[in-house]
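Enquirer: Please see the structure below; I have some questions.
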Protein chains: 2
Amino acid sequence: MINFTVGPVQSPDYVCEIGGEQVPYFRTDEFSQIVFESERIMKSFVNATDDSKVVFLTGSGTAAMEATVINTLTPDDKAIVVNGGSFGQRFVDLCKWHSIPYDELKLEAGYGITSDQLAQYSGKGYTTFLVNMHETSTGVLYDMEMISKFCKEEGLFLIVDGISSFLADFVDMQKFGIGVFLTGSQKALACAPGVSVVVLSTKALDRVSKTKSCSMYLDFSDALKNAERGQTPFTPAVGVIRQIHKRLKTIEEAGGVSSEMNRMHELAVDFRKRIEESGLPFELFSKSPSNAVTSLYSPQISAYEVFLRLKDEYGIWVCPNGGAFKDIVFRVGHIGSLTIEDNKLLVKSMVDLINKMEK
Amino acid sequence: MINFTVGPVQSPDYVCEIGGEQVPYFRTDEFSQIVFESERIMKSFVNATDDSKVVFLTGSGTAAMEATVINTLTPDDKAIVVNGGSFGQRFVDLCKWHSIPYDELKLEAGYGITSDQLAQYSGKGYTTFLVNMHETSTGVLYDMEMISKFCKEEGLFLIVDGISSFLADFVDMQKFGIGVFLTGSQKALACAPGVSVVVLSTKALDRVSKTKSCSMYLDFSDALKNAERGQTPFTPAVGVIRQIHKRLKTIEEAGGVSSEMNRMHELAVDFRKRIEESGLPFELFSKSPSNAVTSLYSPQISAYEVFLRLKDEYGIWVCPNGGAFKDIVFRVGHIGSLTIEDNKLLVKSMVDLINKMEK
């Protein structure tokens with residue numbers, strides 16, 4: 001199978017190799033060194049300040065989203081939540097669940113945020129801003145420069161879900177004034193799913209120290225105390241953390257984030273060009289595409305059937321959408337170990353499939 | 001390295017192989033079938049009723065412990081918590097954290113529960129009983145027959161952390177009247193850490209339906225709804241779930257739980273006999289040992305130094321203890337892919353090390 005989904009994605013061989021090894025015992029200095037080094041590289045890759053801290057959480061990206069909400073926000077906050085799809089909706093659900101007052105900046109699917117939209121929230125007593133910098137469900141990358149400027153002017157604490165942005169699109173915690181940045185192991189990190197990573201700025205650390213988390217498992221205070229010795233409070237997904245470590249080190253040695261980002265950018269641009277030239281009955285759905293994924297609008301044929309038949313007849317996974325988009329949108333990821341050759345094969349297979357379907 | 005810790009433990013080759021494979025996309029019928037089959041075998045291995053349900057949670061065992069507390073208990077409950085070590089303490093901490101009224105049945109480390117101790121809690125309005133059937137930190141296996149009888153007589157809802165008991169010691173949800181049974185991927189299941197498994201009886205399901213979980217990530221209602229189609233609400237540790245599935249199927253084909261339990265029992269008995277015969281300055285610490293682990297009391301030489309030097313000089317991990325026991329107790333696990341030959345090598349290495357240390 002070739003995997004063009006948005007997670008789990010295809011891992012490089014050196015990541016799979018670690019997955020195939022025995023998982024070592026972890027309450028050791030050796031494992032602590034792995035955690036420390038991973039923390040150091042994570043911070044450098046998102047340009048966090050030296051006194052920022054990193055938490056490795058065994059759980060899905062949603063665990064990190066919820067942990068961030070319950071460890072840094074309280075009912076005294078007033079949040080703006082960007083809701084452009086299922087992951088924006090998840091932040092909305094989390095604020096609701098935890099009684100964090102919020103208003104939704106609801107977007108039309110496929111569209112980014114405009115400055116006029118933001119302006120409506122100016123000077124109204126908000127304290128925090130939550131955004132999935134890339135709304136993975138529709139492939140929309142938001143304008144972080146604009147969001148960052150707005151948050152600075154308004155003095156808002158900025159929480160960024162970068163689950164599918166880390167390594168794929170430009171992130172700079174200091175430049176953007178990001179308070180919390182979070183990501184997952186199974187997106188552009190291209191490791192097995194099971195670990196999410198949270199980078200906490202000093203502003204975030206200050207909030208954590210004053211907030212009582214409602215979950216013990218998701219408590220950052222305990223995690224941070226353990227992180228001082230390169231450990232976690234509970235048994236982590238040791239194997240995945242070892243994969244993340246190796247992956248971060250390899251990217252660092254190969255020239256850092258920009259080389260990885262450029263590689264994905266080339267794949268994305270190549271794929272979009274091929275789609276346009278192919279005459280396939282698909283249109284680019286996102287008005288503000290990321291490097292991580294291309295969302296395709298399929299008005300004539302069932303997008304879900306395309307997903308199913310590519311899987312069953314061609315050995316290719318693309319990423320289906322759910323809900324109202326199930327039959328009209330699907331996604332093609334550019335994260336993980338993919339090549340231009342894979343793009344060619346996918347487009348060729350799609351052309352073949354569409355010919356069959358139209359017969 | 002040979003791994004005699006209590007988790008992560010050594011995996012069989014067929015489990016490692018899956019770890020080395022690309023992680024497949026999971027919103028598919030193929031993955032749902034894996035989840036369904038794993039659920040079926042889990043239920044049969046703990047003898048749960050047909051209408052019980054299984055939740056696969058991406059997280060440590062503590063995530064499952066907390067999820068159980070917040071999805072099945074409320075401040076209207078009154079709990080008895082068996083506290084015989086760090087994992088009993090964890091249930092205490094969780095009850096405290098979530099304002100579940102509780103009393104502790106605090107035990108001397110290394111000792112099981114007596115019927116006299118239990119009797120003191122009779123007829124006092126308790127509603128629920130929480131126990132780590134095997135207190136992993138000290139290697140004490142509690143008398144589940146006695147606990148079960150007490151809970152039935154008192155009408156208590158019985159929550160059993162069987163993280164290090166599943167497959168190692170006898171479990172029977174129907175016979176013992178267990179409400180919730182939970183375990184983790186990295187103990188006797190011998191898979192990579194990252195997934196915990198919760199089996200919910202109909203009594204538990206009834207409690208879940210009436211309880212509002214304080215965490216969205218750890219919410220059983222949502223997990224159960226998704227489980228109907230063999231899925232999870234959020235991206236799970238797909239690779240680990242595939243390992244669990246393969247492991248469960250292999251054990252089933254090899255004769256089921258009893259063959260696996262017997263294998264561990266033989267390893268445990270063999271190791272304890274060797275320790276006694278070796279003249280090593282270690283005594284069996286647990287008065288009620290499990291098949292999963294042997295805890296050793298080391299009054300003369302630092303237990304932590306034994307752990308460190310076995311690791312650094314012999315390529316062997318045993319399991320250190322923390323806190324007050326750091327220098328006087330360490331543990332040797334019998335779970336995972338270990339053999340009598342491994343036991344021989346461990347004892348031989350210990351003898352050699354002690355000779356060096358006594359020089």
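Order determines the names: the first chain of the structure tokens is A, the second B, and so forth; residues in each chain are numbered 1 upward, and ligands are numbered 1 upward as they are shown.
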So that I can see what lies close to range 276-292 of chain A, please list as a PDB file with C-alpha atoms, in the first residue's frame the residues with an atom at most 7 Å from it, counting only C-alpha atoms and leaving out residues fewer than 3 positions away in the same chain.
Expert:
```pdb
ATOM      1  CA  GLY A 110     -12.018  25.895   2.479  1.00  0.00           C
ATOM      2  CA  TYR A 111     -11.477  29.569   3.263  1.00  0.00           C
ATOM      3  CA  GLY A 112      -8.866  31.265   5.445  1.00  0.00           C
ATOM      4  CA  HIS A 134      -3.641  24.178   9.484  1.00  0.00           C
ATOM      5  CA  THR A 138     -10.056  20.936   4.716  1.00  0.00           C
ATOM      6  CA  GLY A 139      -6.384  21.615   4.050  1.00  0.00           C
ATOM      7  CA  VAL A 140      -6.593  25.301   4.900  1.00  0.00           C
ATOM      8  CA  LEU A 141      -3.472  26.990   6.236  1.00  0.00           C
ATOM      9  CA  SER A 164      -0.214  18.790  10.827  1.00  0.00           C
ATOM     10  CA  SER A 165       1.948  21.895  10.428  1.00  0.00           C
ATOM     11  CA  ALA A 168       5.441  21.078   6.890  1.00  0.00           C
ATOM     12  CA  ASP A 169       4.760  24.808   7.134  1.00  0.00           C
ATOM     13  CA  MET A 264       7.018  18.773   1.193  1.00  0.00           C
ATOM     14  CA  HIS A 265       6.410  22.045  -0.623  1.00  0.00           C
ATOM     15  CA  ALA A 268       2.570  19.588  -2.917  1.00  0.00           C
ATOM     16  CA  ARG A 272      -1.350  20.216  -7.689  1.00  0.00           C
ATOM     17  CA  LYS A 273       0.188  20.867 -11.080  1.00  0.00           C
ATOM     18  CA  SER A 295      -7.919  18.814  -0.431  1.00  0.00           C
ATOM     19  CA  LEU A 296      -9.838  17.995  -3.574  1.00  0.00           C
ATOM     20  CA  TYR A 297     -13.428  18.896  -4.380  1.00  0.00           C
ATOM     21  CA  SER A 298     -15.183  16.236  -6.409  1.00  0.00           C
ATOM     22  CA  GLN A 300     -19.310  14.804 -10.091  1.00  0.00           C
ATOM     23  CA  GLY A 333      -1.238  14.183   1.944  1.00  0.00           C
ATOM     24  CA  HIS A 334       2.308  15.243   1.173  1.00  0.00           C
ATOM     25  CA  ILE A 335       3.749  14.396   4.586  1.00  0.00           C
ATOM     26  CA  VAL A 351      -7.058   8.732 -14.255  1.00  0.00           C
TER      27      VAL A 351
END
```
Enquirer: Taking only C-alpha atoms into account, which residues of chain B are within 6 Å of chain A, as a PyMOL selection string?
Expert: chain B and resi 16-17+19-20+58-60+63+193-194+217+235+237
Enquirer: Grab the residues selected above and save them as a short mmCIF file (atom, residue, chain, number, x, y, z; two decimals), in the first residue's frame with N, CA, C and O atoms.
Expert:
```cif
data_model
loop_
_atom_site.label_atom_id
_atom_site.label_comp_id
_atom_site.auth_asym_id
_atom_site.auth_seq_id
_atom_site.Cartn_x
_atom_site.Cartn_y
_atom_site.Cartn_z
N CYS B 16 7.41 -7.69 17.36
CA CYS B 16 8.40 -6.72 16.86
C CYS B 16 8.23 -6.49 15.36
O CYS B 16 8.35 -5.36 14.87
N GLU B 17 7.96 -7.57 14.64
CA GLU B 17 7.80 -7.45 13.18
C GLU B 17 6.73 -6.43 12.82
O GLU B 17 6.92 -5.62 11.92
N GLY B 19 5.79 -3.98 14.67
CA GLY B 19 6.35 -2.67 15.01
C GLY B 19 7.23 -2.11 13.90
O GLY B 19 7.34 -0.89 13.75
N GLY B 20 7.85 -2.99 13.15
CA GLY B 20 8.76 -2.55 12.09
C GLY B 20 8.06 -2.24 10.78
O GLY B 20 8.66 -1.71 9.84
N THR B 58 -5.62 5.15 23.84
CA THR B 58 -4.21 5.44 23.60
C THR B 58 -3.69 6.24 24.78
O THR B 58 -4.04 7.41 24.95
N GLY B 59 -2.90 5.58 25.60
CA GLY B 59 -2.40 6.19 26.82
C GLY B 59 -1.81 5.12 27.72
O GLY B 59 -1.96 3.93 27.46
N SER B 60 -1.14 5.56 28.78
CA SER B 60 -0.56 4.65 29.77
C SER B 60 -1.67 3.98 30.57
O SER B 60 -2.84 4.36 30.49
N ALA B 63 -3.86 6.30 32.41
CA ALA B 63 -4.96 6.89 31.64
C ALA B 63 -6.21 6.03 31.80
O ALA B 63 -7.32 6.56 31.99
N PRO B 193 4.53 -0.14 24.61
CA PRO B 193 3.62 0.65 25.44
C PRO B 193 2.91 1.70 24.62
O PRO B 193 3.42 2.14 23.58
N GLY B 194 1.74 2.12 25.07
CA GLY B 194 1.00 3.17 24.38
C GLY B 194 -0.50 2.96 24.35
O GLY B 194 -1.25 3.90 24.09
N TYR B 217 -11.05 13.60 26.22
CA TYR B 217 -10.15 12.58 25.66
C TYR B 217 -10.39 11.22 26.30
O TYR B 217 -10.31 10.19 25.65
N THR B 235 -7.20 9.51 16.66
CA THR B 235 -6.20 8.60 16.09
C THR B 235 -5.55 7.76 17.19
O THR B 235 -4.89 8.28 18.07
N ALA B 237 -3.02 4.58 18.76
CA ALA B 237 -1.70 4.02 18.46
C ALA B 237 -1.94 2.76 17.63
O ALA B 237 -1.92 1.63 18.12
#
```
Enquirer: Near Met357 in chain B, counting only C-alpha atoms, which residues have an atom at most 12 Å away, once you skip same-chain residues fewer than 5 positions from it, shown as a list in words?
Expert: Pro281, Gln300, Ile301, Ser302, Ala303, Glu305, Val306, Arg309, Leu310, Met350, Val351 and Asp352 of chain B
Enquirer: Would you return as a short mmCIF file (atom, residue, chain, number, x, y, z; two decimals) with N, CA, C and O atoms, in the first residue's frame the members of range 228-349 of chain A that DSSP assigns to strand (DSSP E or B) on this structure's backbone?
Expert:
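Written file, part25.cif:
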```cif
data_model
loop_
_atom_site.label_atom_id
_atom_site.label_comp_id
_atom_site.auth_asym_id
_atom_site.auth_seq_id
_atom_site.Cartn_x
_atom_site.Cartn_y
_atom_site.Cartn_z
N GLU A 283 -11.34 19.62 -8.21
CA GLU A 283 -10.85 21.00 -8.07
C GLU A 283 -10.18 21.16 -6.72
O GLU A 283 -10.56 20.52 -5.75
N LEU A 284 -9.20 22.07 -6.69
CA LEU A 284 -8.56 22.36 -5.40
C LEU A 284 -9.61 22.99 -4.49
O LEU A 284 -10.26 23.97 -4.85
N PRO A 289 -3.94 26.74 0.59
CA PRO A 289 -3.42 25.39 0.84
C PRO A 289 -2.12 25.37 1.64
O PRO A 289 -1.32 26.30 1.56
N VAL A 293 -1.05 19.02 2.84
CA VAL A 293 -2.15 18.27 2.23
C VAL A 293 -2.81 19.07 1.11
O VAL A 293 -2.83 20.30 1.15
N THR A 294 -3.33 18.35 0.13
CA THR A 294 -4.17 18.97 -0.90
C THR A 294 -5.58 18.40 -0.75
O THR A 294 -5.76 17.19 -0.82
N SER A 295 -6.54 19.28 -0.51
CA SER A 295 -7.92 18.81 -0.43
C SER A 295 -8.55 19.00 -1.80
O SER A 295 -8.37 20.02 -2.47
N LEU A 296 -9.28 17.98 -2.23
CA LEU A 296 -9.84 17.99 -3.57
C LEU A 296 -11.36 17.94 -3.52
O LEU A 296 -11.94 17.12 -2.80
N TYR A 297 -11.97 18.83 -4.28
CA TYR A 297 -13.43 18.90 -4.38
C TYR A 297 -13.85 18.06 -5.58
O TYR A 297 -13.30 18.22 -6.67
N ILE A 316 -3.71 2.02 -2.87
CA ILE A 316 -3.35 3.39 -2.49
C ILE A 316 -4.37 3.92 -1.49
O ILE A 316 -5.58 3.82 -1.71
N TRP A 317 -3.86 4.47 -0.38
CA TRP A 317 -4.75 5.17 0.55
C TRP A 317 -4.68 6.67 0.30
O TRP A 317 -3.61 7.28 0.43
N CYS A 319 -7.07 10.14 1.73
CA CYS A 319 -7.74 10.38 3.00
C CYS A 319 -9.19 10.83 2.78
O CYS A 319 -9.42 11.89 2.21
N PRO A 320 -10.14 10.03 3.22
CA PRO A 320 -11.54 10.42 3.03
C PRO A 320 -11.93 11.53 3.99
O PRO A 320 -11.28 11.74 5.00
N VAL A 329 -15.54 15.66 -0.92
CA VAL A 329 -14.14 16.08 -0.67
C VAL A 329 -13.30 14.88 -0.25
O VAL A 329 -13.76 14.02 0.51
N PHE A 330 -12.09 14.79 -0.76
CA PHE A 330 -11.10 13.87 -0.20
C PHE A 330 -9.75 14.58 -0.21
O PHE A 330 -9.60 15.65 -0.81
N ARG A 331 -8.80 13.99 0.49
CA ARG A 331 -7.52 14.68 0.67
C ARG A 331 -6.33 13.80 0.28
O ARG A 331 -6.37 12.58 0.43
N VAL A 332 -5.30 14.46 -0.20
CA VAL A 332 -4.05 13.79 -0.55
C VAL A 332 -2.94 14.44 0.27
O VAL A 332 -2.71 15.65 0.16
N GLY A 333 -2.29 13.65 1.09
CA GLY A 333 -1.24 14.18 1.94
C GLY A 333 0.12 14.22 1.25
O GLY A 333 0.38 13.45 0.33
#
```
Enquirer: Identify, on the basis of only C-alpha atoms, every residue whose closest approach to Val54 in chain A does not exceed 7 Å; exclude the query and any residue fewer than 6 positions from it along the same chain; express the result as a short mmCIF file (atom, residue, chain, number, x, y, z; two decimals) with C-alpha atoms, in the first residue's frame.
Expert:
```
data_model
loop_
_atom_site.label_atom_id
_atom_site.label_comp_id
_atom_site.auth_asym_id
_atom_site.auth_seq_id
_atom_site.Cartn_x
_atom_site.Cartn_y
_atom_site.Cartn_z
CA GLU A 39 13.34 18.52 23.76
CA VAL A 197 4.38 16.93 21.83
CA VAL A 198 3.61 20.24 23.52
CA VAL A 199 5.99 23.20 23.59
CA LEU A 200 5.24 25.64 26.39
#
```
Enquirer: Write out as a list of chain:residue names the residues lying within 9 Å of Val82 in chain A, counting only C-alpha atoms and excluding same-chain residues fewer than 6 positions away.
Expert: A:Gly88, A:Gln89, A:Phe91, A:Val92, A:Asp103, A:Glu104, A:Leu105, A:Lys106, A:Leu107, A:Ile113, A:Phe129, A:Leu130, A:Val131, A:Asn132
Enquirer: Can you write just those residues out, all heavy atoms, as an mmCIF file, in the first residue's frame?
Expert:
```
data_model
loop_
_atom_site.group_PDB
_atom_site.id
_atom_site.type_symbol
_atom_site.label_atom_id
_atom_site.label_comp_id
_atom_site.auth_asym_id
_atom_site.auth_seq_id
_atom_site.Cartn_x
_atom_site.Cartn_y
_atom_site.Cartn_z
ATOM 1 N N GLY A 88 -11.096 22.637 14.254
ATOM 2 C CA GLY A 88 -11.539 23.858 14.929
ATOM 3 C C GLY A 88 -12.709 23.525 15.848
ATOM 4 O O GLY A 88 -12.774 23.973 16.991
ATOM 5 N N GLN A 89 -13.617 22.698 15.322
ATOM 6 C CA GLN A 89 -14.762 22.266 16.131
ATOM 7 C C GLN A 89 -14.301 21.556 17.403
ATOM 8 O O GLN A 89 -14.912 21.695 18.457
ATOM 9 C CB GLN A 89 -15.652 21.330 15.293
ATOM 10 C CG GLN A 89 -16.918 20.879 15.994
ATOM 11 C CD GLN A 89 -17.845 22.048 16.352
ATOM 12 O OE1 GLN A 89 -18.059 22.940 15.538
ATOM 13 N NE2 GLN A 89 -18.366 22.060 17.567
ATOM 14 N N PHE A 91 -11.613 22.194 19.209
ATOM 15 C CA PHE A 91 -11.269 23.222 20.205
ATOM 16 C C PHE A 91 -12.548 23.824 20.808
ATOM 17 O O PHE A 91 -12.620 24.101 21.999
ATOM 18 C CB PHE A 91 -10.406 24.323 19.586
ATOM 19 C CG PHE A 91 -8.914 24.134 19.760
ATOM 20 C CD1 PHE A 91 -8.026 24.514 18.740
ATOM 21 C CD2 PHE A 91 -8.375 23.622 20.946
ATOM 22 C CE1 PHE A 91 -6.647 24.364 18.905
ATOM 23 C CE2 PHE A 91 -6.999 23.468 21.110
ATOM 24 C CZ PHE A 91 -6.142 23.841 20.085
ATOM 25 N N VAL A 92 -13.558 24.026 19.945
ATOM 26 C CA VAL A 92 -14.846 24.533 20.441
ATOM 27 C C VAL A 92 -15.426 23.558 21.468
ATOM 28 O O VAL A 92 -15.826 23.942 22.572
ATOM 29 C CB VAL A 92 -15.843 24.735 19.265
ATOM 30 C CG1 VAL A 92 -17.260 24.984 19.780
ATOM 31 C CG2 VAL A 92 -15.384 25.884 18.364
ATOM 32 N N ASP A 103 -15.907 32.518 22.008
ATOM 33 C CA ASP A 103 -16.709 32.793 20.829
ATOM 34 C C ASP A 103 -16.027 32.155 19.639
ATOM 35 O O ASP A 103 -14.804 32.077 19.584
ATOM 36 C CB ASP A 103 -16.875 34.309 20.625
ATOM 37 C CG ASP A 103 -17.898 34.883 21.599
ATOM 38 O OD1 ASP A 103 -19.052 34.413 21.578
ATOM 39 O OD2 ASP A 103 -17.520 35.760 22.406
ATOM 40 N N GLU A 104 -16.847 31.709 18.712
ATOM 41 C CA GLU A 104 -16.319 31.025 17.535
ATOM 42 C C GLU A 104 -16.136 31.989 16.383
ATOM 43 O O GLU A 104 -17.050 32.730 16.055
ATOM 44 C CB GLU A 104 -17.331 29.996 17.021
ATOM 45 C CG GLU A 104 -17.297 28.682 17.679
ATOM 46 C CD GLU A 104 -18.409 27.790 17.116
ATOM 47 O OE1 GLU A 104 -18.234 27.255 16.012
ATOM 48 O OE2 GLU A 104 -19.443 27.649 17.784
ATOM 49 N N LEU A 105 -14.967 31.909 15.751
ATOM 50 C CA LEU A 105 -14.801 32.593 14.477
ATOM 51 C C LEU A 105 -15.039 31.503 13.426
ATOM 52 O O LEU A 105 -14.129 30.766 13.059
ATOM 53 C CB LEU A 105 -13.387 33.171 14.395
ATOM 54 C CG LEU A 105 -13.115 34.289 13.395
ATOM 55 C CD1 LEU A 105 -11.716 34.841 13.589
ATOM 56 C CD2 LEU A 105 -13.365 33.910 11.975
ATOM 57 N N LYS A 106 -16.287 31.400 13.038
ATOM 58 C CA LYS A 106 -16.690 30.294 12.158
ATOM 59 C C LYS A 106 -16.409 30.675 10.705
ATOM 60 O O LYS A 106 -16.821 31.735 10.247
ATOM 61 C CB LYS A 106 -18.174 30.005 12.381
ATOM 62 C CG LYS A 106 -18.642 28.735 11.745
ATOM 63 C CD LYS A 106 -19.338 27.793 12.715
ATOM 64 C CE LYS A 106 -19.652 26.492 11.989
ATOM 65 N NZ LYS A 106 -19.862 25.367 12.862
ATOM 66 N N LEU A 107 -15.731 29.786 10.002
ATOM 67 C CA LEU A 107 -15.330 30.085 8.629
ATOM 68 C C LEU A 107 -16.052 29.185 7.643
ATOM 69 O O LEU A 107 -16.420 28.057 7.972
ATOM 70 C CB LEU A 107 -13.824 29.867 8.479
ATOM 71 C CG LEU A 107 -12.941 30.761 9.349
ATOM 72 C CD1 LEU A 107 -11.515 30.238 9.351
ATOM 73 C CD2 LEU A 107 -12.982 32.203 8.829
ATOM 74 N N ILE A 113 -8.804 33.052 7.054
ATOM 75 C CA ILE A 113 -9.353 34.156 7.846
ATOM 76 C C ILE A 113 -8.992 35.477 7.183
ATOM 77 O O ILE A 113 -7.873 35.645 6.709
ATOM 78 C CB ILE A 113 -8.736 34.151 9.266
ATOM 79 C CG1 ILE A 113 -8.951 32.787 9.925
ATOM 80 C CG2 ILE A 113 -9.342 35.249 10.131
ATOM 81 C CD1 ILE A 113 -8.171 32.612 11.213
ATOM 82 N N PHE A 129 -6.522 33.076 22.270
ATOM 83 C CA PHE A 129 -6.862 32.798 20.880
ATOM 84 C C PHE A 129 -6.433 31.363 20.571
ATOM 85 O O PHE A 129 -5.265 31.014 20.748
ATOM 86 C CB PHE A 129 -6.112 33.795 19.987
ATOM 87 C CG PHE A 129 -6.571 33.845 18.557
ATOM 88 C CD1 PHE A 129 -7.408 34.859 18.115
ATOM 89 C CD2 PHE A 129 -6.148 32.883 17.632
ATOM 90 C CE1 PHE A 129 -7.830 34.930 16.786
ATOM 91 C CE2 PHE A 129 -6.569 32.938 16.300
ATOM 92 C CZ PHE A 129 -7.416 33.966 15.876
ATOM 93 N N LEU A 130 -7.369 30.532 20.142
ATOM 94 C CA LEU A 130 -7.047 29.133 19.821
ATOM 95 C C LEU A 130 -7.210 28.894 18.327
ATOM 96 O O LEU A 130 -8.272 29.195 17.760
ATOM 97 C CB LEU A 130 -7.962 28.164 20.577
ATOM 98 C CG LEU A 130 -7.799 28.101 22.088
ATOM 99 C CD1 LEU A 130 -8.774 29.034 22.781
ATOM 100 C CD2 LEU A 130 -8.001 26.673 22.594
ATOM 101 N N VAL A 131 -6.177 28.321 17.728
ATOM 102 C CA VAL A 131 -6.257 28.082 16.290
ATOM 103 C C VAL A 131 -5.497 26.815 15.904
ATOM 104 O O VAL A 131 -4.449 26.512 16.459
ATOM 105 C CB VAL A 131 -5.722 29.314 15.507
ATOM 106 C CG1 VAL A 131 -4.241 29.558 15.775
ATOM 107 C CG2 VAL A 131 -5.969 29.180 14.003
ATOM 108 N N ASN A 132 -6.080 26.050 14.996
ATOM 109 C CA ASN A 132 -5.356 24.981 14.319
ATOM 110 C C ASN A 132 -4.692 25.656 13.140
ATOM 111 O O ASN A 132 -5.403 26.002 12.184
ATOM 112 C CB ASN A 132 -6.321 23.911 13.790
ATOM 113 C CG ASN A 132 -7.489 23.656 14.733
ATOM 114 O OD1 ASN A 132 -8.541 24.297 14.600
ATOM 115 N ND2 ASN A 132 -7.318 22.787 15.687
#
```
Enquirer: Kindly indicate which residue among B:Thr339, B:Lys203, B:Ser258, B:Val69 lies nearest to Leu182 in chain B, using only C-alpha atoms for the distances.
Expert: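 Looking only at the distances to Leu182 in chain B, the closest residue turns out to be B:Val69.
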